[in-house]
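For reference, the structure discussed in these notes is given below.
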Amino acid sequence: MAKCFRKNTRFRILVRKTNRYFYASLISPDGKMIFSKSTFSYRSDNDKSYNCKSSSYIESLAKDFSDYIREKNLISSVFY
């Protein structure tokens with residue numbers, strides 16, 4: 001991970017998409033990953049109907065991620 005030379009005082013949200021999954025991460029001002037979630041975690045071995053392009057998994061990811069940020073009271077100190 002590349003180091004940023006400016007002094008960050010807020011948490012960052014990193015969102016990325018691959019051909020199969022969506023990932024969301026919360027990164028602290030000093031560059032350490034605090035929380036990470038992916039749509040891979042919603043997939044079960046018994047669930048043959050899993051479709052990585054389904055928006056319901058992405059909505060679940062966004063809800064869980066935003067609940068975590070609200071729980072830690074980081075709403076005002078996060079940027080995207």
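A note on labels: chains of the structure tokens are A, B, ... as shown, every chain counts residues from 1, and ligands are counted from 1 in their shown order.
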
If you count only C-alpha atoms, which residues fall within 10 Å of Lys17 (chain A), apart from same-chain ones fewer than 5 positions away, as an MDAnalysis selection string? chainID A and resid 22:24 38:39

Preceding selection exported with all heavy atoms as a PDB file, in the first residue's frame:
```pdb
ATOM      1  N   PHE A  22     -17.639  -7.630  -4.414  1.00  0.00           N
ATOM      2  CA  PHE A  22     -17.469  -6.253  -3.992  1.00  0.00           C
ATOM      3  C   PHE A  22     -16.789  -6.275  -2.632  1.00  0.00           C
ATOM      4  O   PHE A  22     -17.075  -7.137  -1.806  1.00  0.00           O
ATOM      5  CB  PHE A  22     -18.819  -5.542  -3.857  1.00  0.00           C
ATOM      6  CG  PHE A  22     -19.317  -4.970  -5.133  1.00  0.00           C
ATOM      7  CD1 PHE A  22     -19.967  -5.762  -6.047  1.00  0.00           C
ATOM      8  CD2 PHE A  22     -19.148  -3.631  -5.419  1.00  0.00           C
ATOM      9  CE1 PHE A  22     -20.436  -5.239  -7.226  1.00  0.00           C
ATOM     10  CE2 PHE A  22     -19.614  -3.097  -6.590  1.00  0.00           C
ATOM     11  CZ  PHE A  22     -20.258  -3.910  -7.500  1.00  0.00           C
ATOM     12  N   TYR A  23     -15.930  -5.305  -2.390  1.00  0.00           N
ATOM     13  CA  TYR A  23     -15.203  -5.192  -1.128  1.00  0.00           C
ATOM     14  C   TYR A  23     -15.364  -3.771  -0.600  1.00  0.00           C
ATOM     15  O   TYR A  23     -15.341  -2.807  -1.369  1.00  0.00           O
ATOM     16  CB  TYR A  23     -13.710  -5.452  -1.315  1.00  0.00           C
ATOM     17  CG  TYR A  23     -13.383  -6.815  -1.848  1.00  0.00           C
ATOM     18  CD1 TYR A  23     -13.311  -7.058  -3.211  1.00  0.00           C
ATOM     19  CD2 TYR A  23     -13.129  -7.869  -0.984  1.00  0.00           C
ATOM     20  CE1 TYR A  23     -13.005  -8.309  -3.703  1.00  0.00           C
ATOM     21  CE2 TYR A  23     -12.818  -9.124  -1.466  1.00  0.00           C
ATOM     22  CZ  TYR A  23     -12.758  -9.344  -2.827  1.00  0.00           C
ATOM     23  OH  TYR A  23     -12.458 -10.585  -3.302  1.00  0.00           O
ATOM     24  N   ALA A  24     -15.515  -3.643   0.709  1.00  0.00           N
ATOM     25  CA  ALA A  24     -15.545  -2.334   1.357  1.00  0.00           C
ATOM     26  C   ALA A  24     -14.646  -2.412   2.584  1.00  0.00           C
ATOM     27  O   ALA A  24     -14.706  -3.375   3.348  1.00  0.00           O
ATOM     28  CB  ALA A  24     -16.962  -1.962   1.758  1.00  0.00           C
ATOM     29  N   SER A  38     -16.778  -8.195   2.545  1.00  0.00           N
ATOM     30  CA  SER A  38     -16.924  -8.476   1.116  1.00  0.00           C
ATOM     31  C   SER A  38     -18.183  -9.289   0.890  1.00  0.00           C
ATOM     32  O   SER A  38     -18.728  -9.906   1.815  1.00  0.00           O
ATOM     33  CB  SER A  38     -15.709  -9.234   0.577  1.00  0.00           C
ATOM     34  OG  SER A  38     -15.730 -10.560   1.040  1.00  0.00           O
ATOM     35  N   THR A  39     -18.657  -9.310  -0.352  1.00  0.00           N
ATOM     36  CA  THR A  39     -19.840 -10.111  -0.673  1.00  0.00           C
ATOM     37  C   THR A  39     -19.511 -11.593  -0.620  1.00  0.00           C
ATOM     38  O   THR A  39     -20.418 -12.415  -0.556  1.00  0.00           O
ATOM     39  CB  THR A  39     -20.398  -9.743  -2.064  1.00  0.00           C
ATOM     40  OG1 THR A  39     -19.361  -9.831  -3.030  1.00  0.00           O
ATOM     41  CG2 THR A  39     -20.987  -8.352  -2.062  1.00  0.00           C
TER      42      THR A  39
END
```

If we count only C-alpha atoms, what is near region 10-14 of chain A at a cut-off of 12 Å, once residues fewer than 5 positions away on the same chain are taken out, given as number ranges by chain? A: 22-38, 62, 65-66, 69, 72-80

Selected residue, from A:Thr9, A:Tyr42, A:Asn19, A:Arg70, that lies nearest to Ile58 (chain A) when counting only C-alpha atoms: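 When distances to Ile58 (chain A) are compared using only C-alpha atoms, the smallest one comes from A:Tyr42.
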
Using Å and a single decimal, report how far CA of Lys63 (chain A) sits from CA of Arg20 (chain A).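 Taking CA of Arg20 (chain A) and CA of Lys63 (chain A), their separation equals 19.4 Å.
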